[in-house]
Every structure is written in C-alpha cells, then in structure tokens.
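> Dropping in query_27.cif, with mmCIF, C-alpha atoms and all ligand atoms.
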data_query
#
loop_
_atom_site.group_PDB
_atom_site.id
_atom_site.type_symbol
_atom_site.label_atom_id
_atom_site.label_comp_id
_atom_site.auth_asym_id
_atom_site.auth_seq_id
_atom_site.Cartn_x
_atom_site.Cartn_y
_atom_site.Cartn_z
ATOM 1 C CA MET A 1 10.299 -2.979 24.769
ATOM 2 C CA ARG A 2 11.243 -0.102 22.477
ATOM 3 C CA HIS A 3 8.063 1.458 21.016
ATOM 4 C CA SER A 4 5.831 -1.187 22.695
ATOM 5 C CA TRP A 5 4.208 1.200 25.162
ATOM 6 C CA SER A 6 3.738 4.077 22.790
ATOM 7 C CA PHE A 7 2.268 1.723 20.170
ATOM 8 C CA ALA A 8 -0.077 0.143 22.766
ATOM 9 C CA LEU A 9 -1.135 3.563 24.025
ATOM 10 C CA ARG A 10 -1.895 5.090 20.632
ATOM 11 C CA SER A 11 -3.666 1.879 19.555
ATOM 12 C CA ALA A 12 -5.962 2.201 22.578
ATOM 13 C CA LEU A 13 -6.829 5.868 21.896
ATOM 14 C CA THR A 14 -8.943 5.351 18.820
ATOM 15 C CA TRP A 15 -11.221 8.398 18.761
ATOM 16 C CA SER A 16 -10.353 10.861 16.031
ATOM 17 C CA PRO A 17 -11.699 14.140 14.745
ATOM 18 C CA PRO A 18 -12.462 14.030 11.012
ATOM 19 C CA ALA A 19 -9.559 13.897 8.611
ATOM 20 C CA TRP A 20 -8.121 17.189 7.492
ATOM 21 C CA ILE A 21 -7.232 16.906 3.827
ATOM 22 C CA ARG A 22 -6.039 19.792 1.689
ATOM 23 C CA PRO A 23 -6.872 18.712 -1.882
ATOM 24 C CA ARG A 24 -4.755 19.872 -4.783
ATOM 25 C CA ALA A 25 -5.866 20.583 -8.341
ATOM 26 C CA LYS A 26 -4.757 18.388 -11.210
ATOM 27 C CA ALA A 27 -2.949 21.359 -12.756
ATOM 28 C CA TRP A 28 -0.860 21.615 -9.592
ATOM 29 C CA PHE A 29 0.125 17.932 -9.822
ATOM 30 C CA LEU A 30 0.983 18.103 -13.516
ATOM 31 C CA ALA A 31 3.179 21.121 -12.836
ATOM 32 C CA GLN A 32 5.236 19.006 -10.375
ATOM 33 C CA LEU A 33 6.081 16.379 -13.006
ATOM 34 C CA ASP A 34 8.851 16.324 -15.556
ATOM 35 C CA GLU A 35 8.006 15.737 -19.211
ATOM 36 C CA ALA A 36 8.259 11.916 -18.954
ATOM 37 C CA GLY A 37 6.047 11.884 -15.851
ATOM 38 C CA ARG A 38 3.440 14.124 -17.470
ATOM 39 C CA ARG A 39 3.308 11.972 -20.579
ATOM 40 C CA ARG A 40 2.998 8.793 -18.528
ATOM 41 C CA PHE A 41 0.238 10.223 -16.337
ATOM 42 C CA GLU A 42 -1.731 11.433 -19.335
ATOM 43 C CA HIS A 43 -1.426 7.986 -20.879
ATOM 44 C CA LEU A 44 -2.573 6.256 -17.654
ATOM 45 C CA GLU A 45 -5.539 8.599 -17.344
ATOM 46 C CA GLN A 46 -6.940 7.431 -20.676
ATOM 47 C CA GLY A 47 -7.720 4.005 -19.246
ATOM 48 C CA ALA A 48 -8.483 4.894 -15.632
ATOM 49 C CA ASP A 49 -11.096 6.865 -13.760
ATOM 50 C CA THR A 50 -9.251 9.656 -11.941
ATOM 51 C CA HIS A 51 -12.004 12.301 -12.089
ATOM 52 C CA HIS A 52 -12.480 12.295 -8.280
ATOM 53 C CA TRP A 53 -8.784 12.721 -7.450
ATOM 54 C CA PRO A 54 -8.824 16.549 -7.269
ATOM 55 C CA GLU A 55 -11.564 16.389 -4.586
ATOM 56 C CA ARG A 56 -9.682 14.073 -2.247
ATOM 57 C CA CYS A 57 -5.993 14.021 -3.144
ATOM 58 C CA ASP A 58 -3.524 16.141 -1.240
ATOM 59 C CA GLU A 59 0.100 16.373 -2.304
ATOM 60 C CA GLN A 60 1.072 12.944 -0.954
ATOM 61 C CA ALA A 61 -2.059 11.284 -2.345
ATOM 62 C CA TRP A 62 -1.509 12.635 -5.868
ATOM 63 C CA ARG A 63 2.131 11.534 -5.919
ATOM 64 C CA GLU A 64 1.609 8.090 -4.431
ATOM 65 C CA SER A 65 -1.652 7.341 -6.245
ATOM 66 C CA ALA A 66 -0.116 8.175 -9.610
ATOM 67 C CA TYR A 67 2.877 5.977 -8.760
ATOM 68 C CA VAL A 68 0.731 3.055 -7.557
ATOM 69 C CA LEU A 69 -1.508 3.279 -10.630
ATOM 70 C CA ASP A 70 1.570 3.118 -12.852
ATOM 71 C CA VAL A 71 3.125 0.204 -10.925
ATOM 72 C CA LEU A 72 -0.084 -1.828 -11.000
ATOM 73 C CA ARG A 73 -0.579 -1.174 -14.702
ATOM 74 C CA ARG A 74 2.931 -2.324 -15.435
ATOM 75 C CA TYR A 75 3.450 -5.180 -13.034
ATOM 76 C CA ALA A 76 0.090 -6.597 -11.882
ATOM 77 C CA PRO A 77 -1.586 -9.185 -14.127
ATOM 78 C CA ALA A 78 -4.357 -7.737 -16.290
ATOM 79 C CA GLU A 79 -6.327 -10.997 -16.257
ATOM 80 C CA LEU A 80 -7.563 -11.895 -12.786
ATOM 81 C CA PRO A 81 -10.727 -13.502 -11.439
ATOM 82 C CA ASP A 82 -13.481 -11.108 -10.364
ATOM 83 C CA GLY A 83 -13.427 -10.201 -6.701
ATOM 84 C CA HIS A 84 -12.115 -8.004 -3.949
ATOM 85 C CA ALA A 85 -8.527 -6.778 -3.682
ATOM 86 C CA LEU A 86 -6.308 -6.098 -0.674
ATOM 87 C CA ASP A 87 -3.458 -3.733 0.121
ATOM 88 C CA VAL A 88 -1.320 -4.676 3.128
ATOM 89 C CA GLY A 89 0.233 -1.990 5.331
ATOM 90 C CA SER A 90 -1.584 0.977 3.812
ATOM 91 C CA LYS A 91 -0.386 3.651 6.312
ATOM 92 C CA ASN A 92 -2.972 6.472 5.858
ATOM 93 C CA GLY A 93 -4.676 5.176 2.716
ATOM 94 C CA CYS A 94 -3.187 8.007 0.664
ATOM 95 C CA TYR A 95 -2.741 5.887 -2.456
ATOM 96 C CA ALA A 96 -6.226 4.299 -2.352
ATOM 97 C CA PRO A 97 -7.329 6.331 -5.418
ATOM 98 C CA GLY A 98 -4.413 4.827 -7.366
ATOM 99 C CA LEU A 99 -5.310 1.275 -6.323
ATOM 100 C CA TYR A 100 -8.936 1.808 -7.338
ATOM 101 C CA ALA A 101 -8.053 3.473 -10.622
ATOM 102 C CA ALA A 102 -5.870 0.479 -11.497
ATOM 103 C CA ARG A 103 -8.516 -2.073 -10.548
ATOM 104 C CA ALA A 104 -12.071 -0.849 -9.945
ATOM 105 C CA VAL A 105 -13.152 -3.484 -7.416
ATOM 106 C CA PRO A 106 -13.741 -3.086 -3.672
ATOM 107 C CA TRP A 107 -10.342 -2.736 -2.025
ATOM 108 C CA THR A 108 -9.576 -3.521 1.592
ATOM 109 C CA LEU A 109 -6.715 -1.437 2.955
ATOM 110 C CA VAL A 110 -5.332 -2.792 6.225
ATOM 111 C CA GLU A 111 -3.001 -0.936 8.585
ATOM 112 C CA VAL A 112 -1.841 -2.100 12.015
ATOM 113 C CA ASP A 113 -0.689 1.374 13.160
ATOM 114 C CA ALA A 114 -3.891 3.095 12.078
ATOM 115 C CA HIS A 115 -4.378 5.181 15.214
ATOM 116 C CA ARG A 116 -1.148 7.110 14.840
ATOM 117 C CA ARG A 117 -1.985 10.808 14.984
ATOM 118 C CA TYR A 118 -1.059 13.832 12.951
ATOM 119 C CA TRP A 119 -0.069 16.970 14.800
ATOM 120 C CA TRP A 120 -3.562 18.404 14.133
ATOM 121 C CA GLY A 121 -5.176 15.537 16.079
ATOM 122 C CA SER A 122 -6.781 13.223 13.540
ATOM 123 C CA THR A 123 -5.538 9.712 12.919
ATOM 124 C CA ARG A 124 -4.378 7.711 9.937
ATOM 125 C CA ARG A 125 -7.615 5.739 10.246
ATOM 126 C CA ALA A 126 -9.735 8.887 9.814
ATOM 127 C CA HIS A 127 -7.565 9.840 6.845
ATOM 128 C CA GLY A 128 -7.748 6.332 5.357
ATOM 129 C CA GLU A 129 -11.517 6.189 5.725
ATOM 130 C CA ALA A 130 -11.850 9.522 3.930
ATOM 131 C CA MET A 131 -9.570 8.304 1.158
ATOM 132 C CA VAL A 132 -11.600 5.142 0.429
ATOM 133 C CA ARG A 133 -15.028 6.800 0.663
ATOM 134 C CA GLY A 134 -16.957 6.369 -2.572
ATOM 135 C CA LEU A 135 -14.406 3.964 -4.072
ATOM 136 C CA GLY A 136 -16.876 1.195 -4.959
ATOM 137 C CA GLY A 137 -17.290 -0.235 -1.463
ATOM 138 C CA SER A 138 -13.602 -0.095 -0.521
ATOM 139 C CA THR A 139 -12.783 -0.120 3.193
ATOM 140 C CA PHE A 140 -9.920 0.936 5.446
ATOM 141 C CA VAL A 141 -9.358 -1.579 8.254
ATOM 142 C CA ALA A 142 -7.476 -0.613 11.403
ATOM 143 C CA GLY A 143 -5.763 -3.814 12.499
ATOM 144 C CA ASP A 144 -3.253 -6.549 11.901
ATOM 145 C CA VAL A 145 -3.447 -8.271 8.524
ATOM 146 C CA ARG A 146 -3.278 -11.574 10.418
ATOM 147 C CA ALA A 147 -6.778 -10.854 11.743
ATOM 148 C CA LEU A 148 -8.176 -10.618 8.201
ATOM 149 C CA THR A 149 -10.118 -13.614 6.988
ATOM 150 C CA GLY A 150 -11.416 -12.555 3.550
ATOM 151 C CA ARG A 151 -10.188 -13.878 0.209
ATOM 152 C CA PHE A 152 -8.794 -11.584 -2.452
ATOM 153 C CA THR A 153 -8.006 -11.830 -6.138
ATOM 154 C CA LEU A 154 -5.174 -9.304 -6.049
ATOM 155 C CA VAL A 155 -3.044 -8.450 -3.028
ATOM 156 C CA THR A 156 -0.522 -5.605 -3.117
ATOM 157 C CA TRP A 157 2.168 -5.252 -0.498
ATOM 158 C CA PHE A 158 4.423 -2.217 -0.748
ATOM 159 C CA LEU A 159 7.478 -2.340 1.513
ATOM 160 C CA PRO A 160 6.825 -5.173 3.972
ATOM 161 C CA PHE A 161 9.115 -5.020 7.000
ATOM 162 C CA LEU A 162 11.812 -7.672 6.659
ATOM 163 C CA THR A 163 14.362 -6.340 9.165
ATOM 164 C CA ALA A 164 14.285 -4.459 12.456
ATOM 165 C CA VAL A 165 15.767 -1.180 11.177
ATOM 166 C CA PRO A 166 12.822 0.134 9.113
ATOM 167 C CA LEU A 167 10.336 -1.281 11.617
ATOM 168 C CA GLU A 168 12.001 0.753 14.374
ATOM 169 C CA ALA A 169 12.192 3.810 12.175
ATOM 170 C CA TRP A 170 8.406 3.579 11.767
ATOM 171 C CA GLY A 171 8.064 3.481 15.578
ATOM 172 C CA LEU A 172 6.735 -0.066 15.760
ATOM 173 C CA PRO A 173 7.502 -2.691 18.416
ATOM 174 C CA ALA A 174 9.826 -5.597 17.640
ATOM 175 C CA ALA A 175 6.965 -8.065 18.179
ATOM 176 C CA LEU A 176 5.537 -6.924 14.827
ATOM 177 C CA LEU A 177 8.601 -8.158 12.965
ATOM 178 C CA GLN A 178 7.162 -11.454 11.703
ATOM 179 C CA PRO A 179 8.030 -11.526 8.007
ATOM 180 C CA ARG A 180 7.593 -15.270 7.519
ATOM 181 C CA ALA A 181 4.330 -15.597 9.469
ATOM 182 C CA LEU A 182 2.901 -12.526 7.738
ATOM 183 C CA LEU A 183 3.847 -13.782 4.292
ATOM 184 C CA GLU A 184 2.315 -17.191 4.994
ATOM 185 C CA HIS A 185 -0.902 -15.565 6.191
ATOM 186 C CA VAL A 186 -1.084 -13.131 3.270
ATOM 187 C CA LEU A 187 -0.525 -15.933 0.746
ATOM 188 C CA GLY A 188 -3.463 -17.748 2.305
ATOM 189 C CA LEU A 189 -5.681 -14.730 1.582
ATOM 190 C CA VAL A 190 -5.191 -14.950 -2.189
ATOM 191 C CA VAL A 191 -7.786 -16.939 -4.162
ATOM 192 C CA PRO A 192 -6.622 -19.631 -6.605
ATOM 193 C CA GLY A 193 -5.814 -17.891 -9.876
ATOM 194 C CA GLY A 194 -5.126 -14.643 -8.029
ATOM 195 C CA ALA A 195 -1.890 -12.731 -7.526
ATOM 196 C CA LEU A 196 0.295 -11.207 -4.834
ATOM 197 C CA LEU A 197 2.484 -8.284 -5.894
ATOM 198 C CA ILE A 198 5.273 -7.393 -3.457
ATOM 199 C CA VAL A 199 7.478 -4.312 -3.810
ATOM 200 C CA ASN A 200 10.638 -3.989 -1.717
ATOM 201 C CA GLN A 201 13.024 -1.125 -1.183
ATOM 202 C CA GLY A 202 16.710 -1.656 -1.989
ATOM 203 C CA GLU A 203 18.655 -4.681 -3.183
ATOM 204 C CA GLN A 204 19.253 -6.036 0.297
ATOM 205 C CA GLU A 205 15.534 -6.221 1.061
ATOM 206 C CA ALA A 206 14.847 -7.739 -2.334
ATOM 207 C CA ALA A 207 17.428 -10.468 -1.602
ATOM 208 C CA LEU A 208 15.770 -11.135 1.768
ATOM 209 C CA GLN A 209 12.359 -11.244 0.126
ATOM 210 C CA ALA A 210 13.599 -13.790 -2.426
ATOM 211 C CA GLN A 211 15.001 -15.940 0.417
ATOM 212 C CA LEU A 212 11.749 -15.743 2.317
ATOM 213 C CA LEU A 213 9.686 -16.798 -0.703
ATOM 214 C CA ASP A 214 12.116 -19.627 -1.508
ATOM 215 C CA GLY A 215 12.153 -20.735 2.139
ATOM 216 C CA LEU A 216 8.394 -21.170 2.031
ATOM 217 C CA GLY A 217 8.648 -23.052 -1.261
ATOM 218 C CA VAL A 218 6.621 -20.361 -3.023
ATOM 219 C CA HIS A 219 7.077 -20.063 -6.760
ATOM 220 C CA SER A 220 7.464 -16.380 -7.584
ATOM 221 C CA THR A 221 8.608 -14.269 -10.502
ATOM 222 C CA ALA A 222 11.325 -11.755 -9.684
ATOM 223 C CA LEU A 223 10.279 -8.603 -11.564
ATOM 224 C CA GLY A 224 13.647 -6.917 -11.079
ATOM 225 C CA ALA A 225 13.757 -3.143 -10.685
ATOM 226 C CA VAL A 226 10.280 -1.629 -10.426
ATOM 227 C CA THR A 227 10.594 1.637 -12.273
ATOM 228 C CA SER A 228 8.141 4.439 -12.897
ATOM 229 C CA ALA A 229 8.440 7.893 -14.412
ATOM 230 C CA LEU A 230 5.965 8.864 -11.671
ATOM 231 C CA SER A 231 7.955 7.557 -8.728
ATOM 232 C CA PRO A 232 8.382 10.148 -5.971
ATOM 233 C CA PHE A 233 10.927 7.842 -4.271
ATOM 234 C CA LYS A 234 14.708 8.036 -4.409
ATOM 235 C CA LYS A 235 15.713 4.512 -3.379
ATOM 236 C CA PRO A 236 15.456 1.772 -6.005
ATOM 237 C CA ARG A 237 12.587 -0.671 -5.674
ATOM 238 C CA PHE A 238 12.267 -4.311 -6.699
ATOM 239 C CA GLY A 239 9.228 -6.492 -7.226
ATOM 240 C CA PHE A 240 8.008 -10.068 -6.928
ATOM 241 C CA LEU A 241 4.853 -11.555 -8.366
ATOM 242 C CA VAL A 242 3.286 -14.701 -6.944
ATOM 243 C CA ARG A 243 0.487 -16.387 -8.905
ATOM 244 C CA THR A 244 -1.643 -18.702 -6.824
HETATM 245 C C1 LIG B 301 7.265 0.502 5.290
HETATM 246 S S1 LIG B 301 5.611 0.877 5.606
HETATM 247 C C2 LIG B 301 4.947 0.959 3.965
HETATM 248 C C3 LIG B 301 3.668 1.733 3.918
HETATM 249 C C4 LIG B 301 3.014 1.810 2.556
HETATM 250 N N1 LIG B 301 2.639 0.491 2.074
HETATM 251 C C5 LIG B 301 3.895 2.513 1.574
HETATM 252 O O1 LIG B 301 4.248 1.925 0.556
HETATM 253 O O2 LIG B 301 4.247 3.670 1.807
HETATM 254 C C6 LIG B 301 4.917 -0.623 6.210
HETATM 255 C C7 LIG B 301 3.505 -0.455 6.719
HETATM 256 O O3 LIG B 301 2.987 -1.734 7.080
HETATM 257 C C8 LIG B 301 2.296 -1.615 8.307
HETATM 258 N N2 LIG B 301 2.269 -2.943 8.943
HETATM 259 C C9 LIG B 301 3.301 -3.592 9.515
HETATM 260 N N3 LIG B 301 2.916 -4.774 10.008
HETATM 261 C C10 LIG B 301 1.597 -4.880 9.711
HETATM 262 C C11 LIG B 301 0.614 -5.882 9.975
HETATM 263 N N4 LIG B 301 0.927 -7.007 10.638
HETATM 264 N N5 LIG B 301 -0.651 -5.681 9.562
HETATM 265 C C12 LIG B 301 -0.990 -4.519 8.903
HETATM 266 N N6 LIG B 301 -0.093 -3.533 8.641
HETATM 267 C C13 LIG B 301 1.172 -3.717 9.039
HETATM 268 C C14 LIG B 301 3.102 -0.580 9.062
HETATM 269 O O4 LIG B 301 2.426 -0.004 10.148
HETATM 270 C C15 LIG B 301 3.423 0.411 7.964
HETATM 271 O O5 LIG B 301 2.422 1.380 7.797
#
Re-express the file's structure as structure tokens.


Amino acid sequence: MRHSWSFALRSALTWSPPAWIRPRAKAWFLAQLDEAGRRRFEHLEQGADTHHWPERCDEQAWRESAYVLDVLRRYAPAELPDGHALDVGSKNGCYAPGLYAARAVPWTLVEVDAHRRYWWGSTRRAHGEAMVRGLGGSTFVAGDVRALTGRFTLVTWFLPFLTAVPLEAWGLPAALLQPRALLEHVLGLVVPGGALLIVNQGEQEAALQAQLLDGLGVHSTALGAVTSALSPFKKPRFGFLVRT
C-alpha cells in the first residue's frame, strides 16, 4: 500500500503549468568540470550537435546530458539500423539533449511517474516535453513502458528498478516492481539488429541484472564498470549490452 495512493493521486492530476527551466551558459558548465572532464566534453562536441544546449539546459540537464552523450559514445554500438530510439524511465527528460546528440533520430522518452510535481507547480511531464522540443520529432510519453508498442533500433535504460529499496526511495508503489516482466517487454521493443543498453548502479544491482538476463536466456555482453570523466554520480555503475 505504501506510496500507492499518493502515486495514484498525482497520476490523476495531470494538468501542469509550463515548465520552469533556468538555462545555464556553456561557460558555466565548463567551469564546473575538472581538466579531464573539460577535455572529454570538448572532444565529444566535435562530433555532436550541442548548439541548442545553452537555451534549454539547466544545471541538471547539462551534467546528465554530457554524461549520457559520453556513455552512449563509448558503450552503444555505432552501427545500428535506421529508426527511432527509446529511453526507459526518463524521469524529467533532463538528459534528452545528450541522447539526441549521441544519436540524432527521433527519441521516445517514457516515464511512468511523469506527473510528479516540483515545488513550483509544474510536472516532470511539462519539463520533459520542453526538453524534447525541437529534437527531430522526439517525444516525452507519460506512462508505463509496458503500454508502448513501437519498435526501436536503440533502447537505453539507465537504472532500472531491480529491488524494492530504490523503488520505495523514489516514492513508487510496490506493484511497479516487475523487473522480469519489464525486461521481457522492453526486449520485445527492439528491432532485429538493434541494441539495448542497460546501466545499473552498484555491484549488487549489476549481479541481479546479470541473473535476470541469464534467467530469460538473453545473450548479453557485460560491459563492466561504465566510467566517464563527465559522470556527476558517486556510486559506481555497470553496463550490459544486448544485441537483438
Ligand atoms: C532509478 S530511476 C532512473 C531515472 C533516470 N533513468 C536516471 O538515470 O536518472 C528509474 C525511473 O524509471 C521510472 N520507471 C519505473 N518503472 C517504469 C515503467 N514501468 N515505465 C516507465 N518508467 C518507469 C521511474 O519512475 C524512475 O523515474
């Protein structure tokens, strides 16, 4: 029952005022980085279109977009069929610019808790929609990934919930803890020749993720530690790549 009512209530109250985003200049972001981060970002920028970031990226969006761009460049396959891409569990869409800079195709960002509100009244959905605007037909979908029916060439999945503790910490009801069913559904959304990139937090989650993939008989490549000079995160992360 924990979180069920509050989740149901906020999911029913969908109206939102427009997003309130306080963009930051590129010079501000560069000043936050250490030397290795600055060098890596400058290198990434040479092969990616980031010109619109200063108009839409607040602090969180700069940090997470730069990180996601780096992770996709390093760990996602360069050769993929043409077609749409999907990010699962996108919270407020803050790293959409990073996804699009890494792969300039229409992205679908899906988030089940999209009507969660900021203290100033607008929702993650409003924020996510503002973040994807103008990104080549990308969309932010408020809903459960299991309701999605499209097919995607690349699917990214940062920090799927595999245990109750993080799910509860994010204020979500226990009924949403369905790691196996979600993974099966998400795998079915990837086109033949496509790829699913999963990033987990901590060794314990990575071990659970490996078990889950093995249990479904899915052949995956364990990428080991997913590192980035642009990571704003303290806990170690680990990756898995599934080619379909
Ligand atoms: C640990 S958070 C990670 C958020 C984001 N990917 C990141 O890296 O910061 C997991 C996210 O997945 C979302 N989520 C959980 N179950 C989902 C589902 N069935 N469909 C869509 N989103 C889901 C949660 O609401 C939450 O925003």

> Using only C-alpha atoms and all ligand atoms, which residues of chain A come within 8 Å of ligand LIG 301 (chain B), and what is the closest atom pair for each, with the distance in Å to one decimal? Give it as CSV, sorted by chain and residue number.


residue,atom,partner,partner_atom,distance
A:Asp87,CA,B:LIG301,N1,7.7
A:Val88,CA,B:LIG301,N6,5.8
A:Gly89,CA,B:LIG301,O3,3.3
A:Ser90,CA,B:LIG301,N1,4.6
A:Lys91,CA,B:LIG301,O5,3.9
A:Asn92,CA,B:LIG301,O5,7.7
A:Val110,CA,B:LIG301,C12,5.4
A:Glu111,CA,B:LIG301,N6,3.9
A:Val112,CA,B:LIG301,C12,4.0
A:Asp113,CA,B:LIG301,O4,4.5
A:Ala114,CA,B:LIG301,O4,7.3
A:Ala142,CA,B:LIG301,C12,8.0
A:Gly143,CA,B:LIG301,C12,6.0
A:Asp144,CA,B:LIG301,N5,3.6
A:Val145,CA,B:LIG301,N5,4.0
A:Arg146,CA,B:LIG301,N4,6.2
A:Trp157,CA,B:LIG301,N1,6.3
A:Phe158,CA,B:LIG301,N1,4.3
A:Leu159,CA,B:LIG301,C1,4.7
A:Pro160,CA,B:LIG301,C6,5.4
A:Phe161,CA,B:LIG301,C1,6.1
A:Pro166,CA,B:LIG301,C1,6.8
A:Leu167,CA,B:LIG301,C1,7.3
A:Trp170,CA,B:LIG301,C15,7.0
A:Leu172,CA,B:LIG301,O4,7.1
A:Leu176,CA,B:LIG301,N3,5.9
A:Leu177,CA,B:LIG301,N3,7.2
A:Gln178,CA,B:LIG301,N4,7.7
A:Leu182,CA,B:LIG301,N4,6.5

> What does the distance between atom CA of Ala61 of chain A and atom CA of Thr123 of chain A come to in Å, to one decimal place?

15.7 Å

> Taking into account only C-alpha atoms, which residue in the set A:Glu129, A:Pro77, A:Gly171, A:Ile198 is nearest to Trp5 of chain A?

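Comparing A:Glu129, A:Pro77, A:Gly171, A:Ile198 against Trp5 of chain A, the winner is A:Gly171.
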
> Let me make sure I understand: among A:Val105, A:Tyr75, A:Leu148, A:Thr163, which one has the smallest atom-to-atom distance to Thr221 of chain A if we use all atoms listed in the file?

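Ranking A:Val105, A:Tyr75, A:Leu148, A:Thr163 by distance to Thr221 of chain A, first place goes to A:Tyr75.
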
> Could you spell out the hits of the PyMOL selection byres (((chain A and resi 49) around 10) and not hetatm) on the shown file, as a ChimeraX atom specification?

/A:44-48,50-53,97-98,100-104

> Please write out, as AutoDock Vina command-line options, where the centre of an axis-aligned box around all listed atoms of segment 128-145 of chain A lies and how long its edges are, in Å to one decimal, after adding 3 Å on each side.


--center_x -10.3 --center_y 0.6 --center_z 3.8 --size_x 20.0 --size_y 23.8 --size_z 23.5

> Nearest to Gln60 of chain A among A:Pro232, A:Gly194, A:Gly134, A:Pro179, with distances taken over only C-alpha atoms: which residue is it?

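Residue with the minimum atom-to-atom distance to Gln60 of chain A: A:Pro232.
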
> Can you translate the PyMOL selection byres (((chain A and resi 206-218) around 9) and not hetatm) into the concrete residues it hits in this file, as a list in words?

Leu162, Thr163, Pro179, Arg180, Leu183, Glu184, Ile198, Val199, Asn200, Gln201, Gly202, Glu203, Gln204, Glu205, His219, Ser220, Ala222, Gly224, Arg237, Phe238, Gly239, Phe240 and Val242 of chain A

> If you measure from atom CA of Cys57 of chain A to atom CA of Pro236 of chain A, what distance in Å do you get, rounded to one decimal?

24.9 Å

> Between atom CA of Phe152 of chain A and atom CA of Asp82 of chain A, what is the spacing in Å?

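Going from atom CA of Asp82 of chain A over to atom CA of Phe152 of chain A, I get 9.2 Å.
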
> Could you list, as a PyMOL selection string, every residue matched by the PyMOL selection byres (((chain A and resi 76) around 9) and not hetatm) in this structure?

chain A and resi 71-75+77-79+154+156+195-197+241

> Check the smallest atom-to-atom distance from each of A:Ala229, A:Ala126, A:Ala164, A:Ala147 to Thr14 of chain A using all atoms listed in the file, then report the winner.

A:Ala126

> Leaving out Pro54 of chain A and any residue of its chain fewer than 6 positions from it, which residues lie within 12 Å of it when counting all atoms listed in the file, given as a ChimeraX atom specification?

/A:21-30,61-62,65,97,131

> Take the residues from that selection and write them out as a tab-separated table (two decimals), keeping the file's coordinate frame, keeping C-alpha atoms.


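The resulting file, again.tsv, is shown below:
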chain	number	residue	atom	x	y	z
A	21	ILE	CA	-7.23	16.91	3.83
A	22	ARG	CA	-6.04	19.79	1.69
A	23	PRO	CA	-6.87	18.71	-1.88
A	24	ARG	CA	-4.76	19.87	-4.78
A	25	ALA	CA	-5.87	20.58	-8.34
A	26	LYS	CA	-4.76	18.39	-11.21
A	27	ALA	CA	-2.95	21.36	-12.76
A	28	TRP	CA	-0.86	21.62	-9.59
A	29	PHE	CA	0.12	17.93	-9.82
A	30	LEU	CA	0.98	18.10	-13.52
A	61	ALA	CA	-2.06	11.28	-2.35
A	62	TRP	CA	-1.51	12.64	-5.87
A	65	SER	CA	-1.65	7.34	-6.24
A	97	PRO	CA	-7.33	6.33	-5.42
A	131	MET	CA	-9.57	8.30	1.16

> Measuring atom to atom with all atoms listed in the file, identify which of A:Lys235, A:Arg116, A:Arg133, A:Arg151 is nearest to Arg10 of chain A.

A:Arg116

> Of the candidates A:Gly137, A:Gly37, A:Gly121, A:Gly188, which shows the shortest atom-to-atom distance to Leu230 of chain A, using all atoms listed in the file?

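Result for the nearest residue to Leu230 of chain A: A:Gly37.
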
> I need every residue sitting at most 10 Å from the point (-5.9, -20.1, -8.0) (coordinates as in the file, all atoms listed in the file considered), written as a PyMOL selection string.

chain A and resi 80-81+153+190-195+243-244

> For C-alpha atoms, I'd like the residues from the last selection saved as a tab-separated table (two decimals), in the coordinates of the input.


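The resulting file, result24.tsv, is reproduced below:
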chain	number	residue	atom	x	y	z
A	80	LEU	CA	-7.56	-11.90	-12.79
A	81	PRO	CA	-10.73	-13.50	-11.44
A	153	THR	CA	-8.01	-11.83	-6.14
A	190	VAL	CA	-5.19	-14.95	-2.19
A	191	VAL	CA	-7.79	-16.94	-4.16
A	192	PRO	CA	-6.62	-19.63	-6.60
A	193	GLY	CA	-5.81	-17.89	-9.88
A	194	GLY	CA	-5.13	-14.64	-8.03
A	195	ALA	CA	-1.89	-12.73	-7.53
A	243	ARG	CA	0.49	-16.39	-8.90
A	244	THR	CA	-1.64	-18.70	-6.82

> In the coordinates of the file, take the point (-3.8, 17.9, 13.8) and a cut-off of 10 Å; then, counting all atoms listed in the file, name each qualifying protein, DNA or RNA residue as a PyMOL selection string.

chain A and resi 16-20+117-123

> Hey, could you patch up segment 70-82 of chain A with N, CA and C atoms and hand it over as a PDB file, in the frame of the given file?


ATOM      1  N   ASP A  70       0.582   3.493 -11.845  1.00  0.00           N
ATOM      2  CA  ASP A  70       1.570   3.118 -12.852  1.00  0.00           C
ATOM      3  C   ASP A  70       2.153   1.737 -12.548  1.00  0.00           C
ATOM      4  N   VAL A  71       2.509   1.490 -11.296  1.00  0.00           N
ATOM      5  CA  VAL A  71       3.125   0.204 -10.925  1.00  0.00           C
ATOM      6  C   VAL A  71       2.147  -0.945 -11.167  1.00  0.00           C
ATOM      7  N   LEU A  72       0.891  -0.740 -10.795  1.00  0.00           N
ATOM      8  CA  LEU A  72      -0.084  -1.828 -11.000  1.00  0.00           C
ATOM      9  C   LEU A  72      -0.325  -2.073 -12.488  1.00  0.00           C
ATOM     10  N   ARG A  73      -0.384  -0.994 -13.260  1.00  0.00           N
ATOM     11  CA  ARG A  73      -0.579  -1.174 -14.702  1.00  0.00           C
ATOM     12  C   ARG A  73       0.578  -1.952 -15.317  1.00  0.00           C
ATOM     13  N   ARG A  74       1.767  -1.700 -14.812  1.00  0.00           N
ATOM     14  CA  ARG A  74       2.931  -2.324 -15.435  1.00  0.00           C
ATOM     15  C   ARG A  74       3.225  -3.714 -14.906  1.00  0.00           C
ATOM     16  N   TYR A  75       2.941  -3.946 -13.650  1.00  0.00           N
ATOM     17  CA  TYR A  75       3.450  -5.180 -13.034  1.00  0.00           C
ATOM     18  C   TYR A  75       2.372  -6.134 -12.522  1.00  0.00           C
ATOM     19  N   ALA A  76       1.144  -5.677 -12.346  1.00  0.00           N
ATOM     20  CA  ALA A  76       0.090  -6.597 -11.882  1.00  0.00           C
ATOM     21  C   ALA A  76      -0.544  -7.261 -13.097  1.00  0.00           C
ATOM     22  N   PRO A  77      -0.966  -8.521 -12.976  1.00  0.00           N
ATOM     23  CA  PRO A  77      -1.586  -9.185 -14.127  1.00  0.00           C
ATOM     24  C   PRO A  77      -2.880  -8.483 -14.517  1.00  0.00           C
ATOM     25  N   ALA A  78      -3.117  -8.375 -15.822  1.00  0.00           N
ATOM     26  CA  ALA A  78      -4.357  -7.737 -16.290  1.00  0.00           C
ATOM     27  C   ALA A  78      -5.527  -8.698 -16.128  1.00  0.00           C
ATOM     28  N   GLU A  79      -5.254  -9.994 -16.323  1.00  0.00           N
ATOM     29  CA  GLU A  79      -6.327 -10.997 -16.257  1.00  0.00           C
ATOM     30  C   GLU A  79      -6.354 -11.605 -14.866  1.00  0.00           C
ATOM     31  N   LEU A  80      -7.402 -11.325 -14.134  1.00  0.00           N
ATOM     32  CA  LEU A  80      -7.563 -11.895 -12.786  1.00  0.00           C
ATOM     33  C   LEU A  80      -9.022 -12.260 -12.598  1.00  0.00           C
ATOM     34  N   PRO A  81      -9.318 -13.220 -11.714  1.00  0.00           N
ATOM     35  CA  PRO A  81     -10.727 -13.502 -11.439  1.00  0.00           C
ATOM     36  C   PRO A  81     -11.415 -12.264 -10.860  1.00  0.00           C
ATOM     37  N   ASP A  82     -12.738 -12.209 -10.985  1.00  0.00           N
ATOM     38  CA  ASP A  82     -13.481 -11.108 -10.364  1.00  0.00           C
ATOM     39  C   ASP A  82     -13.373 -11.229  -8.852  1.00  0.00           C
TER      40      ASP A  82
END
